[in-house]
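Worksheet: the structure to be examined is printed underneath.
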Protein chains: 2
Amino acid sequence: MARPADPGIRLRLRAQAVDYVLTHGIGDLALRPLAKALKTNARMLIYHFGSREGLMREILSGVREREAGRVERWMKAGRKPRTMPAFLRWYWRRISAPQARPVVRLVFELYALALRNPREFPGVLEEPVAFWPKLVQAMGVQSPISEAEATLLLAATRGLLLDLCATSDRRRTTAGLELLARLFEIRESG
Amino acid sequence: MARPADPGIRLRLRAQAVDYVLTHGIGDLALRPLAKALKTNARMLIYHFGSREGLMREILSGVREREAGRVERWMKAGRKPRTMPAFLRWYWRRISAPQARPVVRLVFELYALALRNPREFPGVLEEPVAFWPKLVQAMGVQSPISEAEATLLLAATRGLLLDLCATSDRRRTTAGLELLARLFEIRESG
DNA sequence: GAGTTAATGTAACAGTCGTTACACTTACAA
DNA sequence: TTGTAAGTGTAACGACTGTTACATTAACTC
């Protein structure tokens with residue numbers, strides 16, 4: 001045998017490709033412009049990822065890993081919220097930050113693509129629905145969450161994020177989330 | 001002069017094109033497949049709409065007109081809700097119906113496209129934010145709506161619609177909306 | 001009927017797409 | 001040093017894209 005394979009090349013290309021789609025979008029991703037930005041050529045992308053479809057899969061899992069790491073860092077640093085309203089404010093403060101905007105925009109693009117072609121983007125539509133109860137539980141929020149609660153909270157935050165991406169109005173969207181948090185406070189106190 | 005122009009041809013093509021994108025999506029719309037479905041050819045689409053961009057504009061306004069008509073028909077038929085929770089349930093029952101699913105899916109696709117290319121889809125991002133307060137007022141809902149309320153209600157219903165498109169679970173998403181309606185009832189009564 | 005313009009159809013243009021054939025260099029094991 | 005496989009680059013393939021040149025038919029006014 002000679003010259004062992006170097007998995008680092010693929011990983012480096014994948015990370016750069018994730019960066020690329022975060023700013024350029026993934027819907028009309030083409031090999032040649034991407035390759036040019038990565039200082040290589042379409043031939044190499046095919047070589048390392050097998051096909052455009054394989055590249056898309058790798059990018060998707062790259063985004064997933066990166067976001068999982070982000071949430072993990074959130075949970076390690078700082079004190080965790082103990083009530084549902086506190087959790088809502090805790091989550092919103094982080095996900096609505098300008099740094100998270102590119103990935104939020106990308107996720108909405110993935111939703112649209114997955115709605116038209118679910119098989120090409122497996123898990124994109126189902127994961128968020130399963131993610132919320134898990135996150136709330138992992139955070140150690142006291143009161144258990146009902147199915148309707150989880151659905152509404154996911155919907156409200158997702159809708160507010162769409163509004164935020166569309167209008168860049170963090171003040172107004174944050175006021176919307178604050179109202180939601182207070183509605184839950186009123187219910188728990190009353 | 002000879003042979004006056006027939007605007008009906010363009011209108012008929014536009015209506016058929018709207019039907020087409022409702023089922024096939026608009027993100028990767030190409031002239032030739034569309035033309036084939038419309039029993040014509042790409043040459044004619046360019047002739048009647050000037051360019052692909054002009055065709056897209058016409059399709060967009062066609063969708064807008066159709067949806068405006070749909071809402072108008074909703075308002076004419078049946079009694080209007082007078083309270084905010086009643087309005088939420090009134091609106092959700094209609095917009096979550098299977099008949100509305102294609103246009104809801106298309107709108108989410110348009111959101112994603114507009115997030116990447118706002119100038120190509122003018123109004124798509126801004127209109128919904130302005131639409132809700134107007135609709136609530138036109139319905140004659142008694143209590144005036146605050147900015148935070150409008151933002152949260154738009155976000156929640158939009159988020160629930162995204163969930164509905166993604167999972168096709170009308171029972172769970174309707175339970176989410178029911179919870180939202182009750183939260184507003186509790187606040188108004190307390 | 002003559003003249004004029006709308007509407008249509010075919011075929012091609014230049015450009016981009018994903019993918020591949022072929023030649024080539026690089027880096028390691030023996 | 002030689003053999004072998006990994007990695008790279010160029011150029012091309014066929015298919016598709018929006019658009020257009022050219023020819024033709026259809027429908028109207030005079």
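Within each chain, counting starts at residue 1; across the structure tokens, chains are named A, B, ... in the order shown, with ligands numbered 1 upward in that order.
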Tell me, counting only C-alpha atoms (C1' of nucleotides), for each residue of chain C within 9 Å of chain A, which pair of atoms is nearest and how far apart they are in Å to one decimal, in rows ordered by chain and increasing number, as JSON lines.
```
{"residue": "C:DC17", "atom": "C1'", "partner": "A:Ala30", "partner_atom": "CA", "distance": 7.6}
{"residue": "C:DG18", "atom": "C1'", "partner": "A:Arg52", "partner_atom": "CA", "distance": 7.3}
{"residue": "C:DT19", "atom": "C1'", "partner": "A:Ile46", "partner_atom": "CA", "distance": 8.0}
{"residue": "C:DT20", "atom": "C1'", "partner": "A:Arg43", "partner_atom": "CA", "distance": 8.9}
{"residue": "C:DT26", "atom": "C1'", "partner": "A:Arg3", "partner_atom": "CA", "distance": 8.8}
{"residue": "C:DA27", "atom": "C1'", "partner": "A:Arg3", "partner_atom": "CA", "distance": 5.3}
{"residue": "C:DC28", "atom": "C1'", "partner": "A:Arg3", "partner_atom": "CA", "distance": 4.0}
{"residue": "C:DA29", "atom": "C1'", "partner": "A:Ala2", "partner_atom": "CA", "distance": 5.4}
{"residue": "C:DA30", "atom": "C1'", "partner": "A:Met1", "partner_atom": "CA", "distance": 8.4}
```
Store the residues of this selection in a file with C-alpha atoms (C1' of nucleotides), as a PDB file, in the first residue's frame.
```pdb
ATOM      1  C1'  DC C  17     -25.166  22.384 -14.851  1.00  0.00           C
ATOM      2  C1'  DG C  18     -23.282  17.676 -12.838  1.00  0.00           C
ATOM      3  C1'  DT C  19     -20.187  14.408 -14.181  1.00  0.00           C
ATOM      4  C1'  DT C  20     -16.227  12.039 -16.317  1.00  0.00           C
ATOM      5  C1'  DT C  26       2.474  13.729  -4.583  1.00  0.00           C
ATOM      6  C1'  DA C  27       3.401  10.816  -0.774  1.00  0.00           C
ATOM      7  C1'  DC C  28       3.867   6.887   1.348  1.00  0.00           C
ATOM      8  C1'  DA C  29       5.250   1.286   1.895  1.00  0.00           C
ATOM      9  C1'  DA C  30       8.154  -2.119   0.365  1.00  0.00           C
TER      10       DA C  30
END
```
Could you write out chain B as a tab-separated table (two decimals) with C-alpha atoms, in the first residue's frame once it has been least-squares superposed on chain A using every ordered C-alpha pair?
```tsv
chain	number	residue	atom	x	y	z
B	1	MET	CA	0.20	-0.02	0.21
B	2	ALA	CA	1.19	3.60	-0.39
B	3	ARG	CA	0.06	7.06	0.65
B	4	PRO	CA	-2.73	6.58	3.19
B	5	ALA	CA	-5.91	8.59	2.66
B	6	ASP	CA	-6.10	11.93	4.41
B	7	PRO	CA	-9.59	12.44	5.90
B	8	GLY	CA	-8.61	15.95	6.90
B	9	ILE	CA	-8.97	17.15	3.33
B	10	ARG	CA	-12.62	16.16	3.19
B	11	LEU	CA	-13.33	17.61	6.63
B	12	ARG	CA	-11.67	20.88	5.74
B	13	LEU	CA	-13.62	21.12	2.47
B	14	ARG	CA	-16.84	20.30	4.33
B	15	ALA	CA	-16.29	23.02	6.92
B	16	GLN	CA	-15.52	25.56	4.18
B	17	ALA	CA	-18.62	24.45	2.25
B	18	VAL	CA	-20.77	24.99	5.35
B	19	ASP	CA	-19.34	28.49	5.68
B	20	TYR	CA	-20.13	29.08	2.01
B	21	VAL	CA	-23.79	28.02	2.17
B	22	LEU	CA	-24.26	30.05	5.36
B	23	THR	CA	-23.62	33.20	3.36
B	24	HIS	CA	-24.62	32.19	-0.17
B	25	GLY	CA	-27.57	29.89	0.49
B	26	ILE	CA	-27.97	26.24	-0.37
B	27	GLY	CA	-30.98	26.24	-2.70
B	28	ASP	CA	-29.10	27.02	-5.90
B	29	LEU	CA	-25.73	25.68	-4.81
B	30	ALA	CA	-23.57	24.83	-7.82
B	31	LEU	CA	-20.28	22.99	-7.80
B	32	ARG	CA	-18.13	25.39	-9.80
B	33	PRO	CA	-18.82	28.63	-7.88
B	34	LEU	CA	-18.46	26.75	-4.59
B	35	ALA	CA	-15.21	25.14	-5.75
B	36	LYS	CA	-13.83	28.48	-6.84
B	37	ALA	CA	-14.57	29.99	-3.41
B	38	LEU	CA	-12.81	27.00	-1.85
B	39	LYS	CA	-9.78	27.50	-4.12
B	40	THR	CA	-10.27	24.16	-5.84
B	41	ASN	CA	-12.39	22.88	-8.73
B	42	ALA	CA	-15.57	20.90	-9.30
B	43	ARG	CA	-13.54	17.80	-10.12
B	44	MET	CA	-12.19	17.66	-6.56
B	45	LEU	CA	-15.60	18.11	-4.95
B	46	ILE	CA	-16.91	15.14	-6.91
B	47	TYR	CA	-13.75	13.20	-6.01
B	48	HIS	CA	-14.06	13.80	-2.28
B	49	PHE	CA	-17.85	13.65	-1.91
B	50	GLY	CA	-18.83	11.26	-4.70
B	51	SER	CA	-21.50	13.50	-6.16
B	52	ARG	CA	-23.35	16.74	-5.59
B	53	GLU	CA	-25.91	14.81	-3.56
B	54	GLY	CA	-23.15	13.41	-1.35
B	55	LEU	CA	-21.78	16.91	-0.89
B	56	MET	CA	-25.22	18.17	0.15
B	57	ARG	CA	-25.51	15.37	2.71
B	58	GLU	CA	-22.11	16.26	4.15
B	59	ILE	CA	-22.97	19.94	4.32
B	60	LEU	CA	-26.26	19.11	6.07
B	61	SER	CA	-24.55	16.97	8.71
B	62	GLY	CA	-21.86	19.61	9.03
B	63	VAL	CA	-24.51	22.22	9.85
B	64	ARG	CA	-26.11	19.82	12.34
B	65	GLU	CA	-22.84	19.15	14.15
B	66	ARG	CA	-21.97	22.81	14.31
B	67	GLU	CA	-25.36	23.75	15.76
B	68	ALA	CA	-25.29	20.91	18.27
B	69	GLY	CA	-21.95	22.21	19.45
B	70	ARG	CA	-23.35	25.72	19.70
B	71	VAL	CA	-26.25	24.62	21.92
B	72	GLU	CA	-23.89	22.54	24.03
B	73	ARG	CA	-21.70	25.56	24.63
B	74	TRP	CA	-24.77	27.55	25.63
B	75	MET	CA	-25.68	24.95	28.21
B	76	LYS	CA	-22.20	24.73	29.70
B	77	ALA	CA	-21.74	28.45	30.15
B	78	GLY	CA	-23.89	30.36	32.62
B	79	ARG	CA	-26.72	29.26	34.87
B	80	LYS	CA	-29.64	27.42	33.44
B	81	PRO	CA	-33.19	28.75	33.63
B	82	ARG	CA	-35.56	26.81	35.86
B	83	THR	CA	-38.99	27.98	34.70
B	84	MET	CA	-40.58	27.96	31.28
B	85	PRO	CA	-40.74	31.76	30.88
B	86	ALA	CA	-37.11	32.03	31.96
B	87	PHE	CA	-36.14	29.35	29.48
B	88	LEU	CA	-37.95	31.20	26.69
B	89	ARG	CA	-36.05	34.37	27.43
B	90	TRP	CA	-32.76	32.45	27.80
B	91	TYR	CA	-33.21	30.75	24.44
B	92	TRP	CA	-34.42	33.83	22.58
B	93	ARG	CA	-31.58	36.02	23.76
B	94	ARG	CA	-29.13	33.56	22.18
B	95	ILE	CA	-30.94	32.48	19.02
B	96	SER	CA	-31.94	36.03	18.10
B	97	ALA	CA	-28.37	37.30	18.34
B	98	PRO	CA	-26.89	38.61	15.08
B	99	GLN	CA	-24.25	35.85	15.11
B	100	ALA	CA	-26.96	33.20	14.77
B	101	ARG	CA	-28.76	34.97	11.92
B	102	PRO	CA	-26.95	33.17	9.04
B	103	VAL	CA	-27.76	29.70	10.32
B	104	VAL	CA	-31.35	30.67	11.13
B	105	ARG	CA	-31.77	31.94	7.57
B	106	LEU	CA	-30.22	28.75	6.22
B	107	VAL	CA	-32.59	26.62	8.29
B	108	PHE	CA	-35.62	28.41	6.85
B	109	GLU	CA	-34.22	27.79	3.39
B	110	LEU	CA	-33.84	24.12	4.26
B	111	TYR	CA	-37.45	24.01	5.46
B	112	ALA	CA	-38.65	25.28	2.10
B	113	LEU	CA	-36.49	22.80	0.19
B	114	ALA	CA	-37.55	19.92	2.42
B	115	LEU	CA	-41.23	20.82	2.04
B	116	ARG	CA	-40.88	20.25	-1.72
B	117	ASN	CA	-38.44	17.35	-1.56
B	118	PRO	CA	-38.56	15.66	1.87
B	119	ARG	CA	-36.46	12.64	0.84
B	120	GLU	CA	-33.55	14.78	-0.25
B	121	PHE	CA	-33.41	16.48	3.16
B	122	PRO	CA	-34.19	13.73	5.68
B	123	GLY	CA	-34.91	14.88	9.22
B	124	VAL	CA	-35.09	18.57	8.42
B	125	LEU	CA	-38.85	18.70	8.92
B	126	GLU	CA	-39.14	16.23	11.78
B	127	GLU	CA	-36.17	17.14	13.97
B	128	PRO	CA	-37.32	20.53	15.32
B	129	VAL	CA	-40.59	19.04	16.61
B	130	ALA	CA	-38.66	16.42	18.56
B	131	PHE	CA	-35.89	18.84	19.57
B	132	TRP	CA	-37.90	21.20	21.77
B	133	PRO	CA	-39.17	18.79	24.42
B	134	LYS	CA	-35.66	17.30	24.60
B	135	LEU	CA	-34.01	20.69	25.04
B	136	VAL	CA	-36.52	21.79	27.67
B	137	GLN	CA	-35.93	18.57	29.58
B	138	ALA	CA	-32.15	18.79	29.24
B	139	MET	CA	-32.28	22.30	30.63
B	140	GLY	CA	-33.97	20.99	33.77
B	141	VAL	CA	-37.05	23.17	33.51
B	142	GLN	CA	-39.21	22.20	36.46
B	143	SER	CA	-42.74	21.81	35.11
B	144	PRO	CA	-43.11	19.04	32.51
B	145	ILE	CA	-44.17	20.25	29.12
B	146	SER	CA	-47.34	19.10	27.39
B	147	GLU	CA	-47.58	18.31	23.70
B	148	ALA	CA	-49.67	21.42	23.03
B	149	GLU	CA	-47.21	23.58	24.95
B	150	ALA	CA	-44.23	22.22	23.05
B	151	THR	CA	-46.02	22.76	19.74
B	152	LEU	CA	-47.01	26.32	20.57
B	153	LEU	CA	-43.61	27.29	21.94
B	154	LEU	CA	-41.78	25.88	18.92
B	155	ALA	CA	-44.24	27.60	16.60
B	156	ALA	CA	-44.02	30.96	18.35
B	157	THR	CA	-40.22	31.07	18.50
B	158	ARG	CA	-39.90	29.78	14.95
B	159	GLY	CA	-42.42	32.35	13.75
B	160	LEU	CA	-40.65	35.11	15.63
B	161	LEU	CA	-37.35	34.04	14.08
B	162	LEU	CA	-38.90	34.18	10.62
B	163	ASP	CA	-40.18	37.67	11.41
B	164	LEU	CA	-36.72	38.63	12.70
B	165	CYS	CA	-34.99	37.37	9.56
B	166	ALA	CA	-37.54	39.14	7.38
B	167	THR	CA	-37.61	42.52	9.09
B	168	SER	CA	-34.39	42.60	11.18
B	169	ASP	CA	-36.54	44.20	13.90
B	170	ARG	CA	-35.14	42.64	17.05
B	171	ARG	CA	-36.92	45.09	19.33
B	172	ARG	CA	-40.42	44.25	18.09
B	173	THR	CA	-39.84	40.50	17.86
B	174	THR	CA	-38.32	40.46	21.34
B	175	ALA	CA	-41.43	42.28	22.58
B	176	GLY	CA	-43.48	39.51	21.00
B	177	LEU	CA	-41.53	36.87	22.86
B	178	GLU	CA	-41.76	38.84	26.08
B	179	LEU	CA	-45.55	38.85	25.73
B	180	LEU	CA	-45.52	35.08	25.22
B	181	ALA	CA	-43.38	34.60	28.32
B	182	ARG	CA	-45.72	36.76	30.38
B	183	LEU	CA	-48.78	34.85	29.16
B	184	PHE	CA	-47.20	31.69	30.59
B	185	GLU	CA	-46.35	33.49	33.84
B	186	ILE	CA	-49.95	34.63	34.23
B	187	ARG	CA	-51.23	31.10	33.70
B	188	GLU	CA	-48.82	29.52	36.15
B	189	SER	CA	-49.55	32.12	38.82
B	190	GLY	CA	-53.32	32.10	38.36
```
What are the DSSP helix (DSSP H, G or I) residues of stretch 49-129 of chain B, as a ChimeraX atom specification? /B:49,52-76,84-95,98-116,118-120,127-129
Prev. selection, C-alpha atoms, output as an mmCIF file, in the first residue's frame:
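What landed in out_35.cif:
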```
data_model
loop_
_atom_site.group_PDB
_atom_site.id
_atom_site.type_symbol
_atom_site.label_atom_id
_atom_site.label_comp_id
_atom_site.auth_asym_id
_atom_site.auth_seq_id
_atom_site.Cartn_x
_atom_site.Cartn_y
_atom_site.Cartn_z
ATOM 1 C CA PHE B 49 -44.310 38.000 -20.313
ATOM 2 C CA ARG B 52 -38.608 34.851 -17.003
ATOM 3 C CA GLU B 53 -38.422 37.663 -14.469
ATOM 4 C CA GLY B 54 -41.588 39.208 -15.886
ATOM 5 C CA LEU B 55 -43.293 35.837 -15.690
ATOM 6 C CA MET B 56 -42.270 35.485 -12.043
ATOM 7 C CA ARG B 57 -43.701 38.925 -11.272
ATOM 8 C CA GLU B 58 -46.986 37.986 -12.934
ATOM 9 C CA ILE B 59 -47.170 34.695 -11.064
ATOM 10 C CA LEU B 60 -46.493 36.508 -7.779
ATOM 11 C CA SER B 61 -49.266 39.043 -8.356
ATOM 12 C CA GLY B 62 -51.514 36.228 -9.526
ATOM 13 C CA VAL B 63 -50.990 34.419 -6.224
ATOM 14 C CA ARG B 64 -51.655 37.658 -4.341
ATOM 15 C CA GLU B 65 -54.924 38.326 -6.160
ATOM 16 C CA ARG B 66 -56.112 34.784 -5.676
ATOM 17 C CA GLU B 67 -55.403 34.858 -1.940
ATOM 18 C CA ALA B 68 -57.003 38.261 -1.504
ATOM 19 C CA GLY B 69 -60.115 36.868 -3.128
ATOM 20 C CA ARG B 70 -60.015 33.852 -0.847
ATOM 21 C CA VAL B 71 -59.893 35.991 2.311
ATOM 22 C CA GLU B 72 -62.646 38.206 0.948
ATOM 23 C CA ARG B 73 -64.866 35.198 0.432
ATOM 24 C CA TRP B 74 -64.149 34.094 3.992
ATOM 25 C CA MET B 75 -65.265 37.449 5.313
ATOM 26 C CA LYS B 76 -68.468 37.552 3.284
ATOM 27 C CA MET B 84 -59.349 37.823 19.642
ATOM 28 C CA PRO B 85 -59.511 34.142 20.690
ATOM 29 C CA ALA B 86 -62.556 33.647 18.471
ATOM 30 C CA PHE B 87 -60.756 35.290 15.580
ATOM 31 C CA LEU B 88 -57.752 33.003 16.070
ATOM 32 C CA ARG B 89 -59.939 29.935 15.908
ATOM 33 C CA TRP B 90 -61.890 31.348 12.930
ATOM 34 C CA TYR B 91 -58.706 32.030 10.987
ATOM 35 C CA TRP B 92 -56.979 28.768 11.871
ATOM 36 C CA ARG B 93 -59.928 26.607 10.896
ATOM 37 C CA ARG B 94 -59.745 28.078 7.385
ATOM 38 C CA ILE B 95 -56.009 28.450 6.811
ATOM 39 C CA PRO B 98 -56.207 20.878 3.322
ATOM 40 C CA GLN B 99 -57.379 23.085 0.428
ATOM 41 C CA ALA B 100 -55.105 25.899 1.600
ATOM 42 C CA ARG B 101 -52.050 23.668 2.031
ATOM 43 C CA PRO B 102 -50.565 24.237 -1.468
ATOM 44 C CA VAL B 103 -50.574 28.008 -1.176
ATOM 45 C CA VAL B 104 -49.238 27.889 2.386
ATOM 46 C CA ARG B 105 -46.370 25.706 1.197
ATOM 47 C CA LEU B 106 -45.725 28.070 -1.696
ATOM 48 C CA VAL B 107 -45.651 31.062 0.649
ATOM 49 C CA PHE B 108 -42.991 29.417 2.817
ATOM 50 C CA GLU B 109 -40.978 28.759 -0.322
ATOM 51 C CA LEU B 110 -41.338 32.423 -1.247
ATOM 52 C CA TYR B 111 -40.139 33.440 2.220
ATOM 53 C CA ALA B 112 -36.957 31.435 1.748
ATOM 54 C CA LEU B 113 -36.339 32.877 -1.717
ATOM 55 C CA ALA B 114 -37.052 36.413 -0.542
ATOM 56 C CA LEU B 115 -34.709 36.024 2.437
ATOM 57 C CA ARG B 116 -31.853 35.391 -0.020
ATOM 58 C CA PRO B 118 -35.371 40.419 -1.303
ATOM 59 C CA ARG B 119 -35.339 42.641 -4.415
ATOM 60 C CA GLU B 120 -36.521 39.848 -6.661
ATOM 61 C CA GLU B 127 -46.596 42.231 3.699
ATOM 62 C CA PRO B 128 -47.497 39.612 6.340
ATOM 63 C CA VAL B 129 -46.365 41.898 9.173
#
```
Looking at only C-alpha atoms (C1' of nucleotides), which of D:DT20, D:DT1, D:DT8, D:DC13 is the one that sits closest to chain A?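 Closest residue, counting only C-alpha atoms (C1' of nucleotides): D:DT8.
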Top pick for closest residue to chain A, considering D:DA26, D:DG7, D:DT2, D:DC16 and counting only C-alpha atoms (C1' of nucleotides): D:DG7
